[in-house]
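File shown: upload-v9.cif. Contents: mmCIF, C-alpha atoms.
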data_final
loop_
_atom_site.label_atom_id
_atom_site.label_comp_id
_atom_site.auth_asym_id
_atom_site.auth_seq_id
_atom_site.Cartn_x
_atom_site.Cartn_y
_atom_site.Cartn_z
CA MET Y 1 0.00 0.00 0.00
CA TRP Y 2 0.97 3.62 -0.41
CA SER Y 3 1.73 6.20 2.21
CA ALA Y 4 2.22 9.88 1.54
CA LYS Y 5 4.26 12.30 3.59
CA ILE Y 6 2.99 15.81 2.97
CA VAL Y 7 4.46 19.11 4.10
CA VAL Y 8 2.43 22.29 3.69
CA THR Y 9 4.27 25.62 3.92
CA TYR Y 10 3.56 29.24 3.18
CA LYS Y 11 4.26 30.50 -0.32
CA LYS Y 12 7.15 32.89 -0.80
CA GLY Y 13 6.15 36.44 0.08
CA ILE Y 14 3.57 35.45 2.68
CA LEU Y 15 4.52 36.78 6.08
CA ASP Y 16 5.17 33.89 8.48
CA PRO Y 17 5.36 35.60 11.88
CA GLU Y 18 5.80 32.28 13.72
CA ALA Y 19 8.92 31.54 11.69
CA LYS Y 20 10.24 35.05 12.32
CA THR Y 21 9.72 34.59 16.06
CA ILE Y 22 11.50 31.23 16.08
CA GLN Y 23 14.39 32.60 14.05
CA HIS Y 24 14.68 35.52 16.43
CA ALA Y 25 14.67 33.13 19.41
CA LEU Y 26 17.47 31.10 17.84
CA GLU Y 27 19.49 34.25 17.25
CA THR Y 28 18.94 35.16 20.91
CA LEU Y 29 20.35 31.73 21.82
CA GLY Y 30 23.49 32.59 19.88
CA TYR Y 31 22.81 30.89 16.54
CA GLN Y 32 23.91 33.68 14.21
CA ASN Y 33 24.29 31.64 11.01
CA ILE Y 34 20.63 31.29 10.16
CA GLU Y 35 19.75 32.82 6.82
CA GLY Y 36 16.07 31.92 6.83
CA LEU Y 37 13.52 29.72 8.54
CA GLU Y 38 10.13 28.39 7.48
CA THR Y 39 7.39 26.65 9.41
CA GLY Y 40 4.94 24.16 8.01
CA LYS Y 41 2.47 21.42 8.75
CA TYR Y 42 3.24 17.74 8.32
CA PHE Y 43 0.69 15.08 7.39
CA ALA Y 44 1.13 11.36 6.84
CA ILE Y 45 -1.67 9.67 4.92
CA HIS Y 46 -1.88 5.90 4.66
CA LEU Y 47 -4.10 4.80 1.82
CA LYS Y 48 -6.39 1.84 2.28
CA SER Y 49 -6.71 0.22 -1.08
CA GLU Y 50 -4.30 -1.32 -3.54
CA LEU Y 51 -3.86 1.65 -5.86
CA LYS Y 52 -1.29 2.07 -8.59
CA ARG Y 53 1.30 4.74 -7.88
CA THR Y 54 -0.19 7.19 -10.39
CA GLN Y 55 -3.68 6.74 -8.92
CA ALA Y 56 -2.37 7.16 -5.39
CA GLU Y 57 -0.48 10.32 -6.33
CA LYS Y 58 -3.50 11.77 -8.07
CA LEU Y 59 -5.62 11.14 -5.00
CA ILE Y 60 -3.09 12.74 -2.66
CA HIS Y 61 -2.79 15.81 -4.90
CA GLU Y 62 -6.57 16.15 -4.87
CA ILE Y 63 -6.61 15.92 -1.07
CA CYS Y 64 -3.87 18.57 -0.82
CA ASP Y 65 -5.63 20.93 -3.22
CA ARG Y 66 -9.09 20.56 -1.67
CA LEU Y 67 -8.37 20.52 2.03
CA LEU Y 68 -4.82 20.27 3.35
CA SER Y 69 -3.56 23.46 1.73
CA ASN Y 70 -5.05 26.81 0.84
CA PRO Y 71 -3.59 27.61 -2.60
CA VAL Y 72 -3.97 31.35 -1.99
CA ILE Y 73 -1.24 31.31 0.65
CA GLN Y 74 0.30 27.84 0.78
CA LYS Y 75 2.25 25.29 -1.24
CA TYR Y 76 2.91 21.64 -0.51
CA SER Y 77 5.35 18.84 -1.20
CA ILE Y 78 4.55 15.15 -1.35
CA GLU Y 79 6.75 12.13 -0.78
CA MET Y 80 5.18 8.78 -1.74
CA GLU Y 81 6.32 5.59 -0.05
CA GLU Y 82 5.27 2.01 -0.67
CA THR Y 83 4.71 0.20 2.62
CA GLN Y 84 4.00 -3.41 3.52
CA CYS Y 85 0.65 -4.28 5.04
CA MET M 1 -40.02 41.25 7.04
CA LEU M 2 -36.67 39.66 6.25
CA LYS M 3 -35.87 36.35 7.83
CA PHE M 4 -32.36 35.72 9.12
CA GLY M 5 -30.70 32.35 9.59
CA VAL M 6 -27.72 31.96 11.93
CA VAL M 7 -25.59 28.91 11.16
CA VAL M 8 -24.42 26.91 14.16
CA PHE M 9 -21.19 24.96 13.71
CA PRO M 10 -19.58 22.94 16.49
CA GLY M 11 -17.38 25.63 18.04
CA SER M 12 -19.44 28.64 17.00
CA ASN M 13 -19.59 31.01 19.98
CA CYS M 14 -21.13 34.19 18.61
CA ASP M 15 -24.23 32.46 17.24
CA HIS M 16 -26.30 33.35 20.31
CA ASP M 17 -25.03 36.95 20.25
CA ALA M 18 -26.11 37.36 16.63
CA TYR M 19 -29.48 35.70 17.35
CA HIS M 20 -29.99 37.90 20.42
CA VAL M 21 -29.31 41.13 18.54
CA LEU M 22 -31.52 40.19 15.60
CA ARG M 23 -34.43 38.91 17.64
CA TYR M 24 -34.42 40.88 20.87
CA VAL M 25 -32.69 44.15 19.95
CA LEU M 26 -34.13 44.54 16.46
CA GLY M 27 -37.25 42.38 16.63
CA ALA M 28 -36.34 40.60 13.41
CA ARG M 29 -37.32 37.07 12.41
CA VAL M 30 -34.41 34.72 12.99
CA GLU M 31 -33.77 30.99 13.28
CA TYR M 32 -30.72 28.85 13.89
CA ILE M 33 -29.45 26.60 11.10
CA TRP M 34 -27.65 23.40 12.13
CA HIS M 35 -24.39 22.77 10.25
CA LYS M 36 -25.41 19.17 9.50
CA ASP M 37 -28.59 20.18 7.70
CA SER M 38 -28.28 19.56 4.00
CA THR M 39 -31.35 21.53 2.97
CA LEU M 40 -31.89 25.21 3.62
CA ARG M 41 -35.25 26.56 4.75
CA LEU M 42 -36.41 29.89 3.33
CA PHE M 43 -34.20 32.72 4.47
CA ASP M 44 -33.33 36.19 3.20
CA VAL M 45 -30.02 36.62 5.03
CA ILE M 46 -27.60 33.97 6.29
CA VAL M 47 -25.21 34.82 9.13
CA LEU M 48 -22.01 32.80 9.55
CA PRO M 49 -21.11 33.72 13.13
CA GLY M 50 -17.82 34.05 14.94
CA GLY M 51 -16.16 31.35 16.99
CA PHE M 52 -13.89 28.43 16.32
CA ALA M 53 -15.86 26.16 14.00
CA TYR M 54 -14.46 22.61 14.15
CA GLY M 55 -11.82 23.90 16.54
CA ASP M 56 -10.18 25.92 13.74
CA TYR M 57 -8.26 22.69 13.06
CA LEU M 58 -6.03 22.71 9.99
CA ARG M 59 -6.80 26.38 9.18
CA ALA M 60 -9.59 28.61 10.47
CA GLY M 61 -12.64 27.80 8.36
CA ALA M 62 -10.99 24.99 6.40
CA VAL M 63 -13.13 22.18 7.80
CA ALA M 64 -16.31 24.22 8.31
CA ARG M 65 -16.19 25.03 4.62
CA PHE M 66 -17.11 21.38 3.91
CA ALA M 67 -19.99 21.18 6.45
CA PRO M 68 -23.14 19.58 4.98
CA ILE M 69 -24.98 22.93 4.99
CA MET M 70 -22.26 24.75 3.01
CA PRO M 71 -23.22 23.64 -0.53
CA GLU M 72 -26.69 25.03 0.17
CA ILE M 73 -25.24 28.32 1.38
CA ILE M 74 -22.99 28.55 -1.67
CA ARG M 75 -26.05 27.97 -3.88
CA PHE M 76 -28.02 30.54 -1.85
CA ALA M 77 -25.27 33.13 -2.39
CA ALA M 78 -25.01 32.30 -6.10
CA LYS M 79 -28.72 33.07 -6.46
CA GLY M 80 -28.18 36.50 -4.88
CA GLY M 81 -29.07 35.60 -1.29
CA LYS M 82 -27.35 37.82 1.26
CA VAL M 83 -24.65 36.24 3.38
CA ILE M 84 -22.64 37.91 6.14
CA GLY M 85 -19.64 36.19 7.69
CA ILE M 86 -18.34 37.67 10.91
CA CYS M 87 -14.80 36.85 12.14
CA ASN M 88 -14.69 33.03 11.92
CA GLY M 89 -17.58 33.36 9.45
CA PHE M 90 -15.35 35.57 7.26
CA GLN M 91 -12.63 32.92 7.42
CA ILE M 92 -15.17 30.30 6.30
CA LEU M 93 -16.36 32.46 3.37
CA LEU M 94 -12.75 32.82 2.17
CA GLU M 95 -12.05 29.10 2.46
CA ALA M 96 -15.30 28.41 0.60
CA GLY M 97 -14.21 30.71 -2.21
CA LEU M 98 -17.22 33.02 -1.81
CA LEU M 99 -14.75 35.85 -1.20
CA PRO M 100 -11.18 36.23 -2.53
CA GLY M 101 -7.96 36.15 -0.53
CA ALA M 102 -7.12 34.57 2.81
CA LEU M 103 -6.77 35.38 6.48
CA ILE M 104 -3.43 34.50 8.04
CA PRO M 105 -2.19 34.87 11.64
CA ASN M 106 -1.85 38.44 12.89
CA ASP M 107 1.53 39.94 12.04
CA HIS M 108 2.48 40.24 15.72
CA MET M 109 1.39 36.65 16.59
CA ARG M 110 -0.92 37.82 19.38
CA PHE M 111 -4.64 37.36 19.89
CA ARG M 112 -6.17 40.83 19.74
CA CYS M 113 -9.30 41.58 21.73
CA GLN M 114 -9.98 45.31 21.61
CA GLU M 115 -12.20 48.02 20.16
CA VAL M 116 -11.20 49.36 16.76
CA TYR M 117 -12.31 52.22 14.57
CA LEU M 118 -13.47 51.44 11.08
CA LYS M 119 -14.03 53.63 8.07
CA VAL M 120 -17.10 52.77 6.00
CA ALA M 121 -15.46 52.57 2.59
CA ASN M 122 -18.65 51.81 0.64
CA ASN M 123 -22.13 52.67 1.86
CA ALA M 124 -23.85 51.75 -1.41
CA THR M 125 -24.55 48.16 -0.38
CA ASP M 126 -27.43 46.36 1.31
CA PHE M 127 -25.16 45.87 4.34
CA THR M 128 -24.01 49.46 4.78
CA ARG M 129 -26.66 51.81 3.37
CA ILE M 130 -27.51 53.30 6.78
CA TYR M 131 -23.96 54.55 7.24
CA GLU M 132 -22.43 57.47 5.40
CA THR M 133 -19.39 56.97 3.21
CA ASP M 134 -16.22 57.58 5.23
CA GLN M 135 -18.23 57.44 8.46
CA ILE M 136 -16.06 56.29 11.36
CA ILE M 137 -17.62 53.57 13.48
CA LYS M 138 -16.43 51.63 16.50
CA MET M 139 -16.73 47.93 17.20
CA PRO M 140 -14.62 45.18 18.79
CA ILE M 141 -12.31 42.66 17.22
CA ALA M 142 -11.30 39.37 18.88
CA HIS M 143 -9.06 37.22 16.74
CA TYR M 144 -5.66 35.64 16.19
CA CYS M 145 -6.03 34.95 12.50
CA GLY M 146 -7.26 38.20 11.02
CA GLN M 147 -4.51 39.46 8.75
CA TYR M 148 -6.14 39.86 5.35
CA PHE M 149 -3.93 38.79 2.45
CA ALA M 150 -4.57 38.77 -1.28
CA GLU M 151 -2.40 39.04 -4.37
CA ASP M 152 -1.90 42.53 -5.80
CA GLN M 153 -4.22 41.84 -8.70
CA ILE M 154 -7.07 40.94 -6.31
CA LEU M 155 -6.39 43.99 -4.14
CA GLN M 156 -6.58 46.17 -7.23
CA GLN M 157 -9.89 44.54 -8.22
CA LEU M 158 -11.32 45.07 -4.73
CA GLN M 159 -10.44 48.76 -4.96
CA ASP M 160 -11.59 49.26 -8.55
CA GLN M 161 -14.92 47.56 -7.91
CA ASP M 162 -15.60 49.29 -4.56
CA ARG M 163 -15.56 45.95 -2.79
CA ILE M 164 -13.76 47.08 0.34
CA ALA M 165 -16.54 47.57 2.90
CA PHE M 166 -14.54 48.58 5.99
CA GLN M 167 -10.95 49.62 6.73
CA TYR M 168 -9.22 49.93 10.09
CA CYS M 169 -8.56 53.60 10.86
CA ASP M 170 -7.83 55.86 13.80
CA LEU M 171 -10.31 58.16 15.54
CA GLN M 172 -9.60 60.85 12.96
CA GLY M 173 -10.31 58.43 10.12
CA GLU M 174 -6.68 58.11 9.05
CA ILE M 175 -5.96 54.72 7.51
CA ASN M 176 -2.41 54.01 8.67
CA ALA M 177 -0.18 51.29 10.07
CA ALA M 178 -0.72 52.42 13.67
CA ALA M 179 -4.47 51.81 13.32
CA ASN M 180 -3.98 48.40 11.73
CA PRO M 181 -4.49 45.79 14.47
CA ASN M 182 -3.28 42.72 12.56
CA GLY M 183 -1.21 43.67 9.53
CA SER M 184 -4.04 43.43 6.99
CA GLN M 185 -3.23 44.69 3.51
CA LEU M 186 -4.81 48.10 2.83
CA ASN M 187 -6.07 47.96 6.46
CA ILE M 188 -8.89 45.76 5.16
CA ALA M 189 -11.44 44.82 7.84
CA GLY M 190 -14.25 43.70 5.55
CA ILE M 191 -14.82 42.95 1.87
CA LEU M 192 -17.67 42.17 -0.52
CA ASN M 193 -18.03 39.79 -3.43
CA ALA M 194 -18.40 41.20 -6.96
CA GLU M 195 -22.21 41.08 -6.78
CA LYS M 196 -22.09 42.70 -3.31
CA ASN M 197 -24.47 40.20 -1.73
CA VAL M 198 -21.75 38.53 0.38
CA LEU M 199 -19.92 40.45 3.11
CA GLY M 200 -17.07 39.12 5.23
CA MET M 201 -15.63 41.11 8.12
CA MET M 202 -13.33 40.50 11.09
CA PRO M 203 -14.87 43.02 13.54
CA HIS M 204 -18.00 42.00 15.48
CA PRO M 205 -21.06 44.18 14.75
CA GLU M 206 -23.19 41.93 16.98
CA ARG M 207 -20.99 42.88 19.93
CA ALA M 208 -21.55 46.58 19.24
CA ALA M 209 -25.32 46.59 19.20
CA GLU M 210 -26.37 47.76 22.66
CA SER M 211 -25.19 50.92 24.44
CA VAL M 212 -24.42 48.94 27.59
CA LEU M 213 -21.69 47.22 25.56
CA GLY M 214 -20.01 50.50 24.66
CA SER M 215 -21.14 51.00 21.08
CA VAL M 216 -24.24 50.60 18.94
CA ASP M 217 -22.38 51.22 15.69
CA GLY M 218 -22.68 47.58 14.64
CA LEU M 219 -26.46 47.80 14.49
CA GLY M 220 -26.15 49.75 11.26
CA ILE M 221 -25.30 46.60 9.33
CA PHE M 222 -28.38 44.70 10.50
CA LYS M 223 -30.58 47.79 10.17
CA SER M 224 -29.27 48.34 6.64
CA LEU M 225 -30.28 44.78 5.78
CA LEU M 226 -33.71 45.16 7.35
CA GLY M 227 -34.20 48.42 5.48
CA SER M 228 -33.44 46.73 2.19
CA ASP M 229 -36.55 44.57 2.53
#
Translate the structure of the given file into structure tokens.
Amino acid sequence: MWSAKIVVTYKKGILDPEAKTIQHALETLGYQNIEGLETGKYFAIHLKSELKRTQAEKLIHEICDRLLSNPVIQKYSIEMEETQC
Amino acid sequence: MLKFGVVVFPGSNCDHDAYHVLRYVLGARVEYIWHKDSTLRLFDVIVLPGGFAYGDYLRAGAVARFAPIMPEIIRFAAKGGKVIGICNGFQILLEAGLLPGALIPNDHMRFRCQEVYLKVANNATDFTRIYETDQIIKMPIAHYCGQYFAEDQILQQLQDQDRIAFQYCDLQGEINAAANPNGSQLNIAGILNAEKNVLGMMPHPERAAESVLGSVDGLGIFKSLLGSD
């Protein structure tokens, strides 16, 4: 069966105040070499049925577009993995 | 007389406030609408109230947008029915695509619960006709995720088509960064759809509807709607 690891992050140009705060905290701790920092949300989806890879990918893309991300402000990346039942 | 419907999602917490103002302050006809209903009774105005529908899980409004009642509300709006989304209701309207853009966390990462001044940017709508253009009104905000964002092209459209309803301003009516409580682009506090029958706004008019609460400026929205009967 297929599992998908999905990470949703803000698009470039969208202010991510949480990331700014974390970066600032790291700088306060003495980490001065940080050029940039992003936050995101991680999802792991385990599909039930025996789908072909292309079908599974299509389904996961649909899920990301409809619910997991808001295309106005976010982008996502998907990593597919075949797992044993 | 117009009939209002107030949608109740799990996590709505301004539904009773909206119902109270409509029924007991204004004497209007109003009923609750359960989020799991998949048919809509006859209404003239639908209110999507504030709160934390479905716990604001994933993104504010993201799950509520797929509630069983939502396809009916989208159809209602498409036929010209009036819909007002307040705070969490505004977030739901954006997620549902009934209004353009998105609401992201406040630029300072803090929950803001305070009174704000708003400039009525367009009074030629069914929601705002009682106000005067550029009138300064006062009502509270209470949100963490209220920073309005849209691409430049959308912002231009909103301006060109007079679709900005309210902007955060100071007491003198100046629209500036100091009066912007959340980092919203163009100090946007409320916007309309192209047909101007859908309004989304972060401030709470239902919490500014009785003098004991410090302001009655929010009543104008509901009175404007009632007057458009």
Exercise for review: Could you please tell me, as a VMD selection string, which residues of chain M have an atom within 7 Å of chain Y when using all atoms listed in the file?
Suggested key: chain M and resid 62 101 to 102 107 to 109
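Comparing the minimum interatomic distances between Gly36 of chain Y and each of Y:Lys11, Y:Ile78, Y:Ala19, Y:Ser49, counting all atoms listed in the file, we find that Y:Ala19 sits nearest.
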Review point. Hey, what's within 12 Å of Ser211 of chain M if we count only C-alpha atoms and toss same-chain stuff fewer than 5 positions away? As a list in words, please?
Key: Val25, Lys138, Met139, Glu206, Val216, Asp217, Gly218 and Leu219 of chain M
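The smallest atom-to-atom distance between Gly40 of chain Y and any of Y:Ser77, Y:Thr54, Y:Gln23, Y:Thr28, using only C-alpha atoms, is found for Y:Ser77.
Going from atom CA of Ala44 of chain Y to atom CA of Ala67 of chain M covers 23.3 Å.
Within 8 Å of the point (-2.2, 32.4, 11.1) in file coordinates, and counting only C-alpha atoms, lie the residues Asp16 of chain Y; Arg59, Leu103, Ile104, Pro105, Asn106, Met109, Tyr144, Cys145, Gly146 and Gln147 of chain M.
Between atom CA of Thr128 of chain M and atom CA of Cys113 of chain M the separation is 23.8 Å.
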Check your understanding: Quick one: which residues end up in the PyMOL selection byres ((chain M and resi 33) around 10) for this structure, as a ChimeraX atom specification?
Key -> /M:4-9,15,30-32,34-37,39-41,46-48,69
Give as an mmCIF file with C-alpha atoms, in the frame of the given file every residue, naming chains and numbers as the document does, that has an atom within 8 Å of (-4.3, 5.4, 3.2), counting only C-alpha atoms.
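Printed below is point_11.cif as written:
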data_model
loop_
_atom_site.group_PDB
_atom_site.id
_atom_site.type_symbol
_atom_site.label_atom_id
_atom_site.label_comp_id
_atom_site.auth_asym_id
_atom_site.auth_seq_id
_atom_site.Cartn_x
_atom_site.Cartn_y
_atom_site.Cartn_z
ATOM 1 C CA MET Y 1 0.000 0.000 0.000
ATOM 2 C CA TRP Y 2 0.970 3.620 -0.410
ATOM 3 C CA SER Y 3 1.730 6.200 2.210
ATOM 4 C CA ILE Y 45 -1.670 9.670 4.920
ATOM 5 C CA HIS Y 46 -1.880 5.900 4.660
ATOM 6 C CA LEU Y 47 -4.100 4.800 1.820
ATOM 7 C CA LYS Y 48 -6.390 1.840 2.280
ATOM 8 C CA SER Y 49 -6.710 0.220 -1.080
#
Practice item. Mind checking which residues fall within 8 Å of Thr133 of chain M, counting all atoms listed in the file, ignoring those fewer than 3 positions away in the same chain, and posting them as a VMD selection string? Key: chain M and resid 119 to 123
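Put simply, atom CA of Arg207 of chain M is 13.8 Å away from atom CA of Tyr117 of chain M.
Ranking Y:Gln74, Y:Gln32, Y:Thr83, Y:Thr39 by their shortest atom-to-atom distance to Arg53 of chain Y, with all atoms listed in the file included, puts Y:Thr83 first.
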Review point. Residues picked by the PyMOL selection byres ((chain Y and resi 42) around 6) here, as a list in words?
Key: Ile6, Val7, Lys41 and Phe43 of chain Y
